[in-house]
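Next comes query_18.pdb, a file with PDB, C-alpha atoms.
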MODEL        1
ATOM      1  CA  MET T 254       0.000   0.000   0.000
ATOM      2  CA  GLU T 255       2.841   2.393   0.856
ATOM      3  CA  LYS T 256       4.428   1.814  -2.584
ATOM      4  CA  ILE T 257       1.133   2.652  -4.285
ATOM      5  CA  ILE T 258       0.858   5.923  -2.355
ATOM      6  CA  ILE T 259       4.462   6.866  -3.213
ATOM      7  CA  ALA T 260       3.912   6.015  -6.897
ATOM      8  CA  LEU T 261       0.693   8.061  -6.951
ATOM      9  CA  PHE T 262       2.501  11.006  -5.329
ATOM     10  CA  ILE T 263       5.292  10.843  -7.935
ATOM     11  CA  VAL T 264       2.814  10.753 -10.837
ATOM     12  CA  LEU T 265       0.737  13.617  -9.457
ATOM     13  CA  SER T 266       3.738  15.754  -8.564
ATOM     14  CA  SER T 267       5.281  15.273 -12.010
ATOM     15  CA  CYS T 268       2.032  16.435 -13.602
ATOM     16  CA  PHE T 269       1.828  19.413 -11.246
ATOM     17  CA  PHE T 270       5.467  20.515 -11.206
ATOM     18  CA  GLY T 271       6.359  19.240 -14.675
ATOM     19  CA  SER T 272       3.962  21.649 -16.321
ATOM     20  CA  VAL T 273       5.961  24.610 -14.970
ATOM     21  CA  MET T 274       9.160  23.221 -16.438
ATOM     22  CA  ASP T 275       7.743  22.567 -19.915
ATOM     23  CA  PHE T 276       7.769  26.140 -21.179
ATOM     24  CA  SER T 277      10.060  27.035 -24.035
ATOM     25  CA  GLU T 278      10.690  29.528 -26.787
ATOM     26  CA  LYS T 279       7.435  28.605 -28.557
ATOM     27  CA  ASP T 280       5.506  29.940 -25.552
ATOM     28  CA  ILE T 281       6.878  33.492 -25.898
ATOM     29  CA  LYS T 282       5.236  34.116 -29.253
ATOM     30  CA  ASP T 283       3.160  37.311 -29.053
ATOM     31  CA  ASN T 284       4.268  37.923 -25.430
ATOM     32  CA  GLU T 285       6.081  41.084 -24.387
ATOM     33  CA  ASN T 286       9.648  40.886 -23.150
ATOM     34  CA  GLU T 287       9.831  42.374 -19.636
ATOM     35  CA  VAL T 288      13.584  43.172 -19.580
ATOM     36  CA  PHE T 289      14.625  46.684 -20.600
ATOM     37  CA  ASN T 290      17.371  47.020 -23.226
ATOM     38  CA  THR T 291      17.499  43.277 -23.706
ATOM     39  CA  SER T 292      19.951  43.324 -26.606
ATOM     40  CA  PHE T 293      22.045  46.313 -25.443
ATOM     41  CA  GLU T 294      20.974  48.634 -28.272
ATOM     42  CA  ILE T 295      19.682  51.557 -26.146
ATOM     43  CA  GLY T 296      21.936  54.296 -24.833
ATOM     44  CA  GLU T 297      24.753  56.456 -26.079
ATOM     45  CA  TYR T 298      27.350  53.963 -27.250
ATOM     46  CA  ASP T 299      30.557  53.993 -25.246
ATOM     47  CA  PRO T 300      32.580  50.760 -25.174
ATOM     48  CA  GLN T 301      33.827  51.559 -21.647
ATOM     49  CA  LYS T 302      30.382  51.756 -19.991
ATOM     50  CA  LEU T 303      27.462  49.401 -19.558
ATOM     51  CA  PRO T 304      24.377  49.927 -21.707
ATOM     52  CA  ASP T 305      21.318  51.626 -20.207
ATOM     53  CA  GLY T 306      19.365  49.358 -17.870
ATOM     54  CA  TRP T 307      22.287  47.165 -16.730
ATOM     55  CA  PHE T 308      24.737  47.323 -13.838
ATOM     56  CA  LEU T 309      27.381  45.248 -12.054
ATOM     57  CA  LEU T 310      27.235  43.899  -8.513
ATOM     58  CA  GLU T 311      30.996  44.167  -8.071
ATOM     59  CA  ASP T 312      33.418  46.696  -9.499
ATOM     60  CA  THR T 313      34.572  44.463 -12.347
ATOM     61  CA  SER T 314      34.062  46.947 -15.165
ATOM     62  CA  ASP T 315      37.665  46.446 -16.343
ATOM     63  CA  TYR T 316      36.567  43.140 -17.899
ATOM     64  CA  ILE T 317      33.371  44.322 -19.616
ATOM     65  CA  THR T 318      33.015  46.100 -22.948
ATOM     66  CA  TRP T 319      29.889  47.199 -24.788
ATOM     67  CA  ASP T 320      30.822  45.511 -28.056
ATOM     68  CA  ASN T 321      29.698  46.368 -31.592
ATOM     69  CA  LYS T 322      31.636  43.609 -33.373
ATOM     70  CA  ASN T 323      29.927  40.362 -32.335
ATOM     71  CA  PRO T 324      26.134  40.645 -31.734
ATOM     72  CA  HIS T 325      23.624  37.800 -31.678
ATOM     73  CA  THR T 326      20.928  40.194 -32.948
ATOM     74  CA  GLY T 327      20.980  43.918 -33.576
ATOM     75  CA  LEU T 328      24.282  45.799 -33.554
ATOM     76  CA  LYS T 329      25.738  45.269 -30.055
ATOM     77  CA  SER T 330      26.454  42.729 -27.334
ATOM     78  CA  LEU T 331      28.314  42.667 -24.029
ATOM     79  CA  LYS T 332      31.862  41.322 -24.115
ATOM     80  CA  VAL T 333      33.384  39.905 -20.924
ATOM     81  CA  GLU T 334      37.105  39.538 -21.494
ATOM     82  CA  HIS T 335      39.465  37.511 -19.291
ATOM     83  CA  PRO T 336      37.518  37.873 -16.018
ATOM     84  CA  LYS T 337      39.851  37.491 -13.054
ATOM     85  CA  ASP T 338      36.844  37.653 -10.696
ATOM     86  CA  LYS T 339      33.300  36.312 -10.843
ATOM     87  CA  ILE T 340      31.063  38.811 -12.637
ATOM     88  CA  ASN T 341      27.347  39.435 -11.964
ATOM     89  CA  ILE T 342      25.538  41.461 -14.633
ATOM     90  CA  ILE T 343      22.141  42.655 -13.388
ATOM     91  CA  SER T 344      19.095  43.979 -15.234
ATOM     92  CA  ASP T 345      16.994  46.917 -14.118
ATOM     93  CA  ALA T 346      13.942  45.840 -12.132
ATOM     94  CA  PHE T 347      10.785  45.012 -14.064
ATOM     95  CA  PRO T 348       7.221  44.553 -12.773
ATOM     96  CA  ILE T 349       6.022  40.981 -12.313
ATOM     97  CA  ASP T 350       2.790  39.303 -11.284
ATOM     98  CA  ALA T 351       3.116  36.584  -8.629
ATOM     99  CA  ASP T 352       0.382  34.576 -10.371
ATOM    100  CA  HIS T 353       2.445  34.149 -13.545
ATOM    101  CA  VAL T 354       5.126  31.741 -14.677
ATOM    102  CA  TYR T 355       8.117  33.445 -16.346
ATOM    103  CA  TYR T 356      10.329  32.047 -19.086
ATOM    104  CA  SER T 357      13.721  33.786 -19.262
ATOM    105  CA  ARG T 358      16.692  33.252 -21.535
ATOM    106  CA  LEU T 359      20.007  34.615 -22.710
ATOM    107  CA  PHE T 360      22.377  33.923 -25.569
ATOM    108  CA  VAL T 361      26.091  33.461 -24.889
ATOM    109  CA  LYS T 362      29.166  32.467 -26.856
ATOM    110  CA  THR T 363      32.830  32.138 -25.973
ATOM    111  CA  ASN T 364      36.237  32.037 -27.628
ATOM    112  CA  TYR T 365      36.476  28.276 -27.009
ATOM    113  CA  ASN T 366      34.078  25.618 -25.709
ATOM    114  CA  SER T 367      33.859  25.704 -21.953
ATOM    115  CA  ASN T 368      33.394  23.283 -19.100
ATOM    116  CA  GLN T 369      32.564  26.238 -16.796
ATOM    117  CA  SER T 370      28.885  27.124 -16.528
ATOM    118  CA  ILE T 371      27.229  30.487 -17.004
ATOM    119  CA  THR T 372      24.335  31.001 -14.554
ATOM    120  CA  ILE T 373      21.057  32.771 -15.270
ATOM    121  CA  ARG T 374      19.012  33.779 -12.225
ATOM    122  CA  PHE T 375      15.469  35.096 -11.940
ATOM    123  CA  LEU T 376      15.001  36.933  -8.640
ATOM    124  CA  ALA T 377      11.635  38.196  -7.371
ATOM    125  CA  PHE T 378      11.328  41.012  -4.815
ATOM    126  CA  ASP T 379       8.480  42.423  -2.746
ATOM    127  CA  SER T 380       7.452  46.096  -2.814
ATOM    128  CA  LYS T 381      10.107  46.956  -0.181
ATOM    129  CA  GLY T 382      12.950  45.364  -2.159
ATOM    130  CA  LYS T 383      13.263  42.170  -0.093
ATOM    131  CA  ARG T 384      14.039  39.070  -2.171
ATOM    132  CA  VAL T 385      11.145  36.618  -1.894
ATOM    133  CA  SER T 386      11.854  34.044  -4.653
ATOM    134  CA  LYS T 387      14.978  32.858  -6.452
ATOM    135  CA  PHE T 388      15.443  30.540  -9.440
ATOM    136  CA  SER T 389      18.632  29.651 -11.307
ATOM    137  CA  ASN T 390      19.897  27.489 -14.140
ATOM    138  CA  ASN T 391      23.346  26.797 -15.566
ATOM    139  CA  GLY T 392      24.531  26.227 -19.105
ATOM    140  CA  LEU T 393      27.810  25.632 -20.884
ATOM    141  CA  PRO T 394      28.767  28.256 -23.475
ATOM    142  CA  LYS T 395      30.174  27.220 -26.842
ATOM    143  CA  GLN T 396      31.926  28.981 -29.708
ATOM    144  CA  ASP T 397      28.552  29.483 -31.423
ATOM    145  CA  TRP T 398      25.701  31.429 -29.825
ATOM    146  CA  THR T 399      24.103  29.135 -27.238
ATOM    147  CA  GLN T 400      20.804  29.673 -25.445
ATOM    148  CA  ILE T 401      20.524  29.199 -21.681
ATOM    149  CA  ASP T 402      17.000  29.415 -20.271
ATOM    150  CA  ILE T 403      15.040  29.131 -17.045
ATOM    151  CA  THR T 404      11.392  28.800 -16.066
ATOM    152  CA  SER T 405      10.276  30.485 -12.832
ATOM    153  CA  GLY T 406       6.882  29.879 -11.275
ATOM    154  CA  PHE T 407       4.968  29.588  -8.023
ATOM    155  CA  LEU T 408       6.399  32.912  -6.860
ATOM    156  CA  LYS T 409       5.660  34.157  -3.349
ATOM    157  CA  SER T 410       2.397  36.093  -3.336
ATOM    158  CA  THR T 411       4.250  39.257  -2.271
ATOM    159  CA  ALA T 412       6.445  39.316  -5.420
ATOM    160  CA  ARG T 413       6.143  42.665  -7.234
ATOM    161  CA  PHE T 414       9.246  43.048  -9.379
ATOM    162  CA  GLY T 415      11.997  40.902 -10.815
ATOM    163  CA  ARG T 416      15.559  41.103 -12.026
ATOM    164  CA  ILE T 417      17.678  38.872 -14.224
ATOM    165  CA  ILE T 418      21.253  38.223 -13.088
ATOM    166  CA  ILE T 419      23.875  36.629 -15.306
ATOM    167  CA  SER T 420      26.893  35.189 -13.467
ATOM    168  CA  ILE T 421      30.145  34.671 -15.357
ATOM    169  CA  PRO T 422      32.821  32.528 -13.661
ATOM    170  CA  ARG T 423      36.360  33.680 -12.955
ATOM    171  CA  LYS T 424      38.245  32.494 -16.030
ATOM    172  CA  PRO T 425      41.242  34.668 -17.012
ATOM    173  CA  ASP T 426      41.782  32.847 -20.325
ATOM    174  CA  LYS T 427      38.212  33.204 -21.673
ATOM    175  CA  ILE T 428      36.186  35.742 -23.588
ATOM    176  CA  TYR T 429      32.367  35.677 -23.388
ATOM    177  CA  TRP T 430      29.737  37.558 -25.379
ATOM    178  CA  LEU T 431      26.186  38.013 -24.035
ATOM    179  CA  ASP T 432      23.113  39.171 -25.924
ATOM    180  CA  ASP T 433      19.301  39.040 -25.934
ATOM    181  CA  ILE T 434      18.678  38.599 -22.211
ATOM    182  CA  GLU T 435      14.878  38.326 -21.977
ATOM    183  CA  SER T 436      12.013  37.378 -19.642
ATOM    184  CA  TYR T 437       8.381  36.676 -20.575
ATOM    185  CA  ALA T 438       5.201  36.003 -18.592
ATOM    186  CA  VAL T 439       4.088  32.783 -20.311
ATOM    187  CA  TYR T 440       1.330  31.371 -18.120
ATOM    188  CA  ARG T 441      -1.119  32.538 -15.453
ATOM    189  CA  ILE T 442      -1.521  30.078 -12.579
ATOM    190  CA  GLN T 443      -5.191  29.492 -11.826
ATOM    191  CA  LYS T 444      -6.057  29.602  -8.138
TER
ENDMDL
END

Represent the structure from my file as structure tokens, please.
Amino acid sequence: MEKIIIALFIVLSSCFFGSVMDFSEKDIKDNENEVFNTSFEIGEYDPQKLPDGWFLLEDTSDYITWDNKNPHTGLKSLKVEHPKDKINIISDAFPIDADHVYYSRLFVKTNYNSNQSITIRFLAFDSKGKRVSKFSNNGLPKQDWTQIDITSGFLKSTARFGRIIISIPRKPDKIYWLDDIESYAVYRIQK
């Protein structure tokens, strides 16, 4: 009897939780991207500064260039060159609805295939700026543009705004390019 209950729990939980994890690029069609300046096109171009809507957690700006030579889409990307420290690139806050599931993604490439992961995080905050939910996913960059994505759902009911954080590992021999960092509300959870 105990095995039957455990099996039933596994089946039901996979149906319940699996549906949150099944979102993909096809689900963003006709949805609005929530992240400002997602492909680094907005702002007065200056290679030595970050594009509008993005900032760094640490003072690691020596390793980051606003690049106009290697975009995934548009005319620009962010280039992270020979990082001697871990780098966290953070989006401006964007409004979120706690009753929605969010699908977020970024595109990354590197100067040679890597065994060191890039991390994408979706953080949700309440109206006072306290973090109330956190989701993350890792992916290995390659020499071609590679997509890393994450699905975030079942947010705390107090969630009011979100941010995307991209973490680049300390790797002094690598060059990374980032572009098209996006987040979409793809599903409303029925209560």

Mind checking which residues fall within 10 Å of Asp315 of chain T, counting all atoms listed in the file, ignoring those fewer than 3 positions away in the same chain, and posting them as a compact mmCIF listing (two decimals) with C-alpha atoms, in the frame of the given file?
# COMPACT_ATOMS: atom_id res chain seq x y z
CA GLN T 301 33.83 51.56 -21.65
CA LYS T 302 30.38 51.76 -19.99
CA ASP T 312 33.42 46.70 -9.50
CA THR T 318 33.02 46.10 -22.95
CA VAL T 333 33.38 39.90 -20.92
CA GLU T 334 37.10 39.54 -21.49
CA HIS T 335 39.47 37.51 -19.29
CA PRO T 336 37.52 37.87 -16.02
CA LYS T 337 39.85 37.49 -13.05

Practice item. Step by step: start from the point (1.9, 34.7, -21.4) in the file's coordinates, keep every protein, DNA or RNA residue that has an atom no farther than 10 Å from it, count all atoms listed in the file, and write the set as a PyMOL selection string. Key: chain T and resi 280-285+353-356+437-441

**Study point:** Separation of atom CA of Ile403 of chain T from atom CA of Lys387 of chain T in Å
**Key:**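 Interatomic distance, atom CA of Lys387 of chain T to atom CA of Ile403 of chain T: 11.2 Å.
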
**Study point:** Among listed residues T:Phe347, T:Tyr365, T:Phe308, T:Phe276, nearest Lys424 of chain T (using only C-alpha atoms)
**Key:**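 Using only C-alpha atoms, Lys424 of chain T sits closest to T:Tyr365.
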
Practice item. Given the file shown, enumerate the residues that the PyMOL selection byres ((chain T and resi 407) around 10) captures and present them as a ChimeraX atom specification. Key: /T:270,273,351-355,386,405-406,408-410,442

Can you report as lines of an AutoDock Vina configuration file the centre and edge lengths in Å, to one decimal, of an axis-aligned box around the listed atoms of segment 365-382 of chain T padded with 6 Å on each side?
center_x = 22.0
center_y = 35.1
center_z = -13.6
size_x = 41.0
size_y = 35.7
size_z = 38.8

Exercise for review: Determine the residue membership of the PyMOL selection byres ((chain T and resi 348) around 10) for the file above and supply it as number ranges by chain.
Suggested key: T: 287-288, 346-347, 349-351, 377-378, 412-416

Create the file for the chosen residues now, containing C-alpha atoms and written as a JSON list (two decimals), in the frame of the given file.
[["chain", "number", "residue", "atom", "x", "y", "z"],
["T", 287, "GLU", "CA", 9.83, 42.37, -19.64],
["T", 288, "VAL", "CA", 13.58, 43.17, -19.58],
["T", 346, "ALA", "CA", 13.94, 45.84, -12.13],
["T", 347, "PHE", "CA", 10.78, 45.01, -14.06],
["T", 349, "ILE", "CA", 6.02, 40.98, -12.31],
["T", 350, "ASP", "CA", 2.79, 39.30, -11.28],
["T", 351, "ALA", "CA", 3.12, 36.58, -8.63],
["T", 377, "ALA", "CA", 11.64, 38.20, -7.37],
["T", 378, "PHE", "CA", 11.33, 41.01, -4.82],
["T", 412, "ALA", "CA", 6.44, 39.32, -5.42],
["T", 413, "ARG", "CA", 6.14, 42.66, -7.23],
["T", 414, "PHE", "CA", 9.25, 43.05, -9.38],
["T", 415, "GLY", "CA", 12.00, 40.90, -10.82],
["T", 416, "ARG", "CA", 15.56, 41.10, -12.03]]
